[in-house]
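Colleague: Below you'll find the structure I mean.
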Amino acid sequence: MPSLRGAPLVGAALDLRRDYLGTLLRAARDVGDVARIYAGPPGWRVAFYSISAPELVLEILGQPDRYTKGNQFYAEVRKALGNGMLTSEGDDWHRQRRFLAPVFTHKRISTTYAAIMVDEAQQLVRRWSRVAATGGAVDVHGEMIDLTSRIIGRVLFGADMSAAVPEIVKFRFVSDLILQRGFSPRPTPMCVPTRANRRLSSGLAGLRAVVDGIIADRRRKTDTVPTQDLLGLLLTSRDVDNGRDRLSDTEIADQVLIFLLAGHDTTASTLACLLVELARAPEWQQTLRDELDHVLAGRVVTAGDLAALPWTGRAVREAMRLYPAAHSIGRSNTHEETLNGYRIPAGSAIVVSPWTIHRSPKIWVDPQTFDPQRFDLPGGQVPGGHKYAWFPFGAGPHACIGMQLAMLETPIVLATILQTYRLSTSLTSIPLQPAISLHPADPLPVQIQLS
Ligand code: HEM
């Protein structure tokens, strides 16, 4: 089995720690589409298989019984946040997906939730006006985290969000700590009171208390006034196959925690990277602005306009190609498998990598360059020449349930910003950190001027 060359004793341990994303790209280039990467000294060695071929994406992600989420990363997320949709499998997952499908309908997303996105984006544009007046800069990453937290807060909790969001933001460090445990070769058991474990336990307890409090409060109210926010819908939703079955409060809290985790950092990073790429490319910005002027003529964007804004959509897709928020999708195989002719022993850690596939020079011309033109294709052709050459939302039955939300939120926010501001930056690249989602590692200053 071909492996990535590393240091004699510790393998790729140092490379992975210093530059995980670069190491994956090196493995794809030097070793191939199925690359074994090992780290740590003999006896403590951990190995994983990095998958960089579109042809293997569905073979793995499309067979959840053979390739499960039974890996350390999901185990840590499950331990911390419970058995919500992102971590559940088998019957539990089927049950949850049945309850959630009616909550994520196209109609609801394109009306109620789109209106929240537009409103929040407009408030952001107004908040920026003072900075723009003095020709100043904003940190687009911080700003996008703030904006997407407010949006997911309102989508989840409606009117109760103003109380919830500041509380929730306080616990942002929780996801970083979960991640550290998920990727550490031997995480210290939670019963050992290290400083990090104590911080994680108290952070989790605090976060859960906020969510439990909102649910208990709402349970009392929903009997009289049903609400259209996600929490209200979860509280009243019934199993489509068995109308008497409903979700317990713990199950609802687990879902809410997962949506908070999965639902804003991903979109925030995507938007931040997209804004920087456009700030670096005035000609693309102009193409998008011309399109917006032509179609909207200064009026507020709605979900119904997006189909008539192809360049806006292509810019969004291109940002999701270059900066796939879910950079690594982890699985573990229940049986021995053969991938591309290589034997993968049962119980191996497998990483299906949107990061390497989206940046593969075998698939994309000049893959490191931001170029929305790649997505301007004649009907019937798919970008990158394969259905899974571009798959930021995963594939198979566990693909992202929030995809429609994200594919609405990102262009709505972008359109609203570009209608008002011209962006520029001195940044020449975006430093990245592969946290649970792919994050910009540093603040991203972008100058804004009225357009
Ligand atoms: C740019 C934004 C987003 C990206 C790139 C993204 C990416 C992904 C990916 C790749 C998966 C598959 C994970 C796997 O197979 O292990 C996933 C699953 C999931 N995502 Fe997203 N996501 C985004 C936004 C959202 C939003 C806005 C929400 C919810 C409000 C959300 C909720 C979920 C949930 C619940 C799952 C688990 C689905 C299942 O297992 O059935 N995501 N996401």
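Letters for chains follow the order of the structure tokens (A, B, ...), residue numbers begin at 1 for each chain, and ligand numbers begin at 1 in the order shown.
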Which residues form the shell of 8 Å around ligand 1 when you count only C-alpha atoms and all ligand atoms, given as a PyMOL selection string?

Modeller: chain A and resi 61+69+84-89+93+97+152+255+258-260+262-270+320+324-331+391-407+410

Colleague: Filtering to N, CA and C atoms, could you give me those residues as a compact mmCIF listing (two decimals), in the first residue's frame?

Modeller:
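After the write, out_34.txt holds the following:
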# COMPACT_ATOMS: atom_id res chain seq x y z
N LEU A 61 -19.14 7.35 0.56
CA LEU A 61 -20.20 8.10 1.26
C LEU A 61 -21.61 7.59 0.93
N LYS A 69 -19.73 6.36 10.50
CA LYS A 69 -19.12 7.51 11.18
C LYS A 69 -18.45 7.04 12.48
N GLY A 84 -27.27 13.98 17.69
CA GLY A 84 -28.07 14.72 16.70
C GLY A 84 -27.75 14.23 15.30
N MET A 85 -28.34 14.92 14.30
CA MET A 85 -28.26 14.42 12.92
C MET A 85 -26.85 14.24 12.38
N LEU A 86 -25.94 15.08 12.77
CA LEU A 86 -24.60 14.98 12.20
C LEU A 86 -23.89 13.71 12.67
N THR A 87 -24.20 13.27 13.88
CA THR A 87 -23.45 12.15 14.45
C THR A 87 -24.24 10.84 14.46
N SER A 88 -25.57 10.91 14.38
CA SER A 88 -26.36 9.67 14.50
C SER A 88 -26.21 8.82 13.24
N GLU A 89 -26.55 7.53 13.40
CA GLU A 89 -26.47 6.60 12.27
C GLU A 89 -27.62 5.62 12.36
N TRP A 93 -30.72 7.76 12.98
CA TRP A 93 -30.57 8.76 11.93
C TRP A 93 -31.82 8.80 11.03
N ARG A 97 -34.08 12.05 10.45
CA ARG A 97 -34.22 12.64 9.11
C ARG A 97 -35.71 12.72 8.73
N ILE A 152 -28.57 32.12 11.93
CA ILE A 152 -28.96 30.78 12.41
C ILE A 152 -29.72 30.91 13.73
N GLN A 255 -30.46 18.18 18.42
CA GLN A 255 -30.52 18.73 17.04
C GLN A 255 -30.12 20.20 17.04
N ILE A 258 -26.44 20.63 17.29
CA ILE A 258 -25.76 20.29 16.03
C ILE A 258 -25.96 21.40 14.99
N PHE A 259 -27.17 21.94 14.91
CA PHE A 259 -27.40 23.01 13.93
C PHE A 259 -26.56 24.23 14.28
N LEU A 260 -26.43 24.50 15.56
CA LEU A 260 -25.60 25.64 15.95
C LEU A 260 -24.16 25.40 15.53
N ALA A 262 -23.03 23.16 13.14
CA ALA A 262 -22.82 22.96 11.70
C ALA A 262 -23.31 24.14 10.88
N GLY A 263 -24.20 24.96 11.48
CA GLY A 263 -24.96 25.88 10.66
C GLY A 263 -24.42 27.28 10.51
N HIS A 264 -23.38 27.68 11.26
CA HIS A 264 -22.96 29.06 11.01
C HIS A 264 -21.49 29.21 10.69
N ASP A 265 -20.62 28.43 11.32
CA ASP A 265 -19.19 28.56 11.02
C ASP A 265 -18.89 28.26 9.56
N THR A 266 -19.57 27.22 9.04
CA THR A 266 -19.36 26.80 7.66
C THR A 266 -19.69 27.95 6.71
N THR A 267 -20.87 28.53 6.89
CA THR A 267 -21.30 29.59 5.97
C THR A 267 -20.45 30.85 6.18
N ALA A 268 -20.07 31.10 7.43
CA ALA A 268 -19.26 32.29 7.72
C ALA A 268 -17.90 32.20 7.01
N SER A 269 -17.24 31.04 7.11
CA SER A 269 -15.93 30.90 6.46
C SER A 269 -16.06 31.03 4.95
N THR A 270 -17.11 30.40 4.40
CA THR A 270 -17.31 30.46 2.94
C THR A 270 -17.46 31.92 2.51
N MET A 320 -16.72 27.88 -2.75
CA MET A 320 -16.90 26.59 -2.06
C MET A 320 -15.96 25.52 -2.62
N PRO A 324 -13.52 24.57 0.73
CA PRO A 324 -14.64 23.73 1.17
C PRO A 324 -14.68 23.69 2.70
N ALA A 325 -15.76 24.23 3.27
CA ALA A 325 -15.82 24.35 4.73
C ALA A 325 -15.66 22.99 5.40
N ALA A 326 -16.28 21.95 4.80
CA ALA A 326 -16.04 20.60 5.33
C ALA A 326 -14.89 20.03 4.53
N HIS A 327 -13.67 20.31 5.00
CA HIS A 327 -12.49 19.97 4.19
C HIS A 327 -12.22 18.47 4.15
N SER A 328 -12.60 17.75 5.24
CA SER A 328 -12.30 16.32 5.34
C SER A 328 -13.55 15.62 5.85
N ILE A 329 -14.00 14.59 5.15
CA ILE A 329 -15.19 13.86 5.60
C ILE A 329 -14.74 12.47 6.05
N GLY A 330 -14.85 12.21 7.35
CA GLY A 330 -14.24 11.00 7.91
C GLY A 330 -15.21 9.83 7.98
N ARG A 331 -14.69 8.64 7.70
CA ARG A 331 -15.46 7.41 7.83
C ARG A 331 -14.55 6.29 8.34
N PHE A 391 -18.07 18.78 -4.52
CA PHE A 391 -19.09 18.23 -3.59
C PHE A 391 -18.90 18.81 -2.18
N PRO A 392 -19.00 20.14 -2.07
CA PRO A 392 -18.78 20.77 -0.75
C PRO A 392 -19.78 20.31 0.30
N PHE A 393 -20.94 19.79 -0.12
CA PHE A 393 -21.95 19.38 0.86
C PHE A 393 -21.97 17.87 1.06
N GLY A 394 -20.90 17.19 0.65
CA GLY A 394 -20.84 15.75 0.84
C GLY A 394 -21.64 15.03 -0.22
N ALA A 395 -21.93 13.75 0.03
CA ALA A 395 -22.62 12.93 -0.97
C ALA A 395 -23.32 11.79 -0.25
N GLY A 396 -24.27 11.17 -0.96
CA GLY A 396 -24.96 10.02 -0.38
C GLY A 396 -26.00 10.44 0.65
N PRO A 397 -26.54 9.48 1.40
CA PRO A 397 -27.66 9.79 2.30
C PRO A 397 -27.32 10.79 3.41
N HIS A 398 -26.06 10.88 3.81
CA HIS A 398 -25.71 11.81 4.89
C HIS A 398 -25.31 13.19 4.39
N ALA A 399 -25.53 13.46 3.10
CA ALA A 399 -25.15 14.78 2.58
C ALA A 399 -25.87 15.87 3.38
N CYS A 400 -25.33 17.06 3.31
CA CYS A 400 -25.76 18.16 4.19
C CYS A 400 -27.25 18.49 4.08
N ILE A 401 -27.92 18.48 5.21
CA ILE A 401 -29.36 18.83 5.22
C ILE A 401 -29.52 20.35 5.14
N GLY A 402 -28.46 21.08 5.45
CA GLY A 402 -28.54 22.55 5.43
C GLY A 402 -28.10 23.15 4.10
N MET A 403 -27.91 22.29 3.08
CA MET A 403 -27.37 22.79 1.81
C MET A 403 -28.24 23.92 1.23
N GLN A 404 -29.54 23.72 1.24
CA GLN A 404 -30.40 24.75 0.64
C GLN A 404 -30.30 26.06 1.42
N LEU A 405 -30.20 25.94 2.74
CA LEU A 405 -30.04 27.16 3.55
C LEU A 405 -28.76 27.88 3.16
N ALA A 406 -27.67 27.12 3.08
CA ALA A 406 -26.37 27.74 2.78
C ALA A 406 -26.33 28.30 1.36
N MET A 407 -26.99 27.59 0.41
CA MET A 407 -26.96 28.04 -0.97
C MET A 407 -27.90 29.23 -1.21
N THR A 410 -25.61 32.37 1.30
CA THR A 410 -24.36 32.91 0.76
C THR A 410 -24.62 33.92 -0.37

Colleague: Give me, as a Markdown table, the closest atom pair and its distance (Å, one decimal) for every residue of segment 221-297 of chain A within a cut-off of 7 Å of segment 412-426 of chain A, counting only C-alpha atoms, rows sorted by chain and rising number.

Modeller:
| residue | atom | partner | partner_atom | distance |
| --- | --- | --- | --- | --- |
| A:Ala279 | CA | A:Ser424 | CA | 4.2 |
| A:Arg280 | CA | A:Thr425 | CA | 6.1 |
| A:Arg289 | CA | A:Leu418 | CA | 6.3 |
| A:Leu292 | CA | A:Gln419 | CA | 6.9 |

Colleague: Would you mind exporting C-alpha atoms of the selected residues as an mmCIF file, in the first residue's frame?

Modeller:
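Saved to again.cif:
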data_model
loop_
_atom_site.group_PDB
_atom_site.id
_atom_site.type_symbol
_atom_site.label_atom_id
_atom_site.label_comp_id
_atom_site.auth_asym_id
_atom_site.auth_seq_id
_atom_site.Cartn_x
_atom_site.Cartn_y
_atom_site.Cartn_z
ATOM 1 C CA ALA A 279 -11.834 42.101 -3.079
ATOM 2 C CA ARG A 280 -8.685 40.804 -4.810
ATOM 3 C CA ARG A 289 -22.263 44.219 -9.735
ATOM 4 C CA LEU A 292 -27.036 42.805 -9.815
#

Colleague: Which is closer to Leu306 of chain A than all the others in A:Pro187, A:Pro411, A:Gly384, A:Pro367, using only C-alpha atoms?

Modeller: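 Closest to Leu306 of chain A of all the choices is A:Pro411.
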
Colleague: Could you check how far atom CA of Val165 of chain A sits from atom CA of Leu233 of chain A, in Å to one decimal?

Modeller: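 Atom CA of Val165 of chain A sits 19.2 Å away from atom CA of Leu233 of chain A.
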
Colleague: Can you pull out the residues contacting Gly142 of chain A? Cut-off 9 Å, using only C-alpha atoms, and skip same-chain residues under 2 positions away; I want them as a PyMOL selection string.

Modeller: chain A and resi 138-140+144-147+268+272+443-444

Colleague: Report as a PyMOL selection string all protein, DNA and RNA residues lying within 9 Å of segment 98-112 of chain A, evaluated on only C-alpha atoms, omitting residues in the same chain fewer than 5 positions from it.

Modeller: chain A and resi 93+155+228-230+233-234+237-241+246-247+302-304+401-402+404-405+408

Colleague: Write the residues you've just listed into a file as a tab-separated table (two decimals), in the first residue's frame, and include N, CA, C and O atoms for each of them.

Modeller:
chain	number	residue	atom	x	y	z
A	93	TRP	N	-30.72	7.76	12.98
A	93	TRP	CA	-30.57	8.76	11.93
A	93	TRP	C	-31.82	8.80	11.03
A	93	TRP	O	-32.34	9.87	10.73
A	155	VAL	N	-33.19	31.78	12.65
A	155	VAL	CA	-33.82	30.62	11.99
A	155	VAL	C	-34.22	29.59	13.04
A	155	VAL	O	-35.30	29.00	12.99
A	228	GLN	N	-42.99	29.62	13.62
A	228	GLN	CA	-42.45	29.11	12.36
A	228	GLN	C	-40.94	28.90	12.41
A	228	GLN	O	-40.34	28.46	11.45
A	229	ASP	N	-40.29	29.26	13.53
A	229	ASP	CA	-38.85	29.03	13.56
A	229	ASP	C	-38.59	27.54	13.73
A	229	ASP	O	-39.49	26.75	14.05
A	230	LEU	N	-37.32	27.17	13.51
A	230	LEU	CA	-36.99	25.74	13.48
A	230	LEU	C	-37.32	25.03	14.79
A	230	LEU	O	-37.83	23.92	14.81
A	233	LEU	N	-40.97	24.34	15.00
A	233	LEU	CA	-41.36	23.24	14.11
A	233	LEU	C	-40.92	21.90	14.69
A	233	LEU	O	-41.65	20.91	14.62
A	234	LEU	N	-39.73	21.87	15.28
A	234	LEU	CA	-39.27	20.61	15.89
A	234	LEU	C	-40.18	20.21	17.05
A	234	LEU	O	-40.48	19.04	17.24
A	237	SER	N	-43.35	18.87	15.44
A	237	SER	CA	-43.30	17.92	14.32
A	237	SER	C	-43.64	16.51	14.79
A	237	SER	O	-43.38	16.12	15.93
A	238	ARG	N	-44.23	15.75	13.88
A	238	ARG	CA	-44.63	14.36	14.14
A	238	ARG	C	-43.97	13.47	13.09
A	238	ARG	O	-43.74	13.90	11.97
A	239	ASP	N	-43.72	12.24	13.46
A	239	ASP	CA	-43.15	11.29	12.51
A	239	ASP	C	-44.14	11.08	11.36
A	239	ASP	O	-45.32	10.80	11.61
A	240	VAL	N	-43.67	11.22	10.10
A	240	VAL	CA	-44.60	11.07	8.97
A	240	VAL	C	-45.18	9.65	8.91
A	240	VAL	O	-46.27	9.43	8.41
A	241	ASP	N	-44.42	8.66	9.44
A	241	ASP	CA	-44.92	7.28	9.40
A	241	ASP	C	-45.77	6.93	10.61
A	241	ASP	O	-46.43	5.90	10.64
A	246	ARG	N	-43.30	11.72	18.67
A	246	ARG	CA	-42.70	13.05	18.57
A	246	ARG	C	-41.30	13.03	19.21
A	246	ARG	O	-40.95	12.10	19.92
A	247	LEU	N	-40.54	14.07	18.92
A	247	LEU	CA	-39.16	14.12	19.44
A	247	LEU	C	-39.18	14.50	20.92
A	247	LEU	O	-39.96	15.36	21.33
A	302	THR	N	-34.35	38.85	-3.50
A	302	THR	CA	-35.19	37.81	-2.86
A	302	THR	C	-34.70	36.45	-3.33
A	302	THR	O	-33.92	36.37	-4.29
A	303	ALA	N	-35.20	35.40	-2.68
A	303	ALA	CA	-34.80	34.06	-3.08
A	303	ALA	C	-35.14	33.82	-4.55
A	303	ALA	O	-34.39	33.17	-5.28
A	304	GLY	N	-36.27	34.38	-4.99
A	304	GLY	CA	-36.73	34.17	-6.37
A	304	GLY	C	-35.80	34.78	-7.41
A	304	GLY	O	-35.86	34.41	-8.58
A	401	ILE	N	-27.92	18.48	5.21
A	401	ILE	CA	-29.36	18.83	5.22
A	401	ILE	C	-29.52	20.35	5.14
A	401	ILE	O	-30.59	20.85	4.78
A	402	GLY	N	-28.46	21.08	5.45
A	402	GLY	CA	-28.54	22.55	5.43
A	402	GLY	C	-28.10	23.15	4.10
A	402	GLY	O	-27.99	24.37	3.98
A	404	GLN	N	-29.54	23.72	1.24
A	404	GLN	CA	-30.40	24.75	0.64
A	404	GLN	C	-30.30	26.06	1.42
A	404	GLN	O	-30.29	27.14	0.82
A	405	LEU	N	-30.20	25.94	2.74
A	405	LEU	CA	-30.04	27.16	3.55
A	405	LEU	C	-28.76	27.88	3.16
A	405	LEU	O	-28.76	29.09	2.93
A	408	LEU	N	-28.67	29.55	-0.19
A	408	LEU	CA	-29.51	30.74	-0.25
A	408	LEU	C	-28.81	31.89	0.49
A	408	LEU	O	-28.71	33.01	0.01

Colleague: Fewer than 4 positions away in the same chain doesn't count, so skip those; otherwise give me all residues within 9 Å of Gln368 of chain A, counting only C-alpha atoms, as a PyMOL selection string.

Modeller: chain A and resi 322+359+361+364

Colleague: In Å, with one decimal, what is the gap from atom CA of Gly6 of chain A to atom CA of Tyr74 of chain A?

Modeller: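 For atom CA of Gly6 of chain A relative to atom CA of Tyr74 of chain A, the distance reads 26.6 Å.
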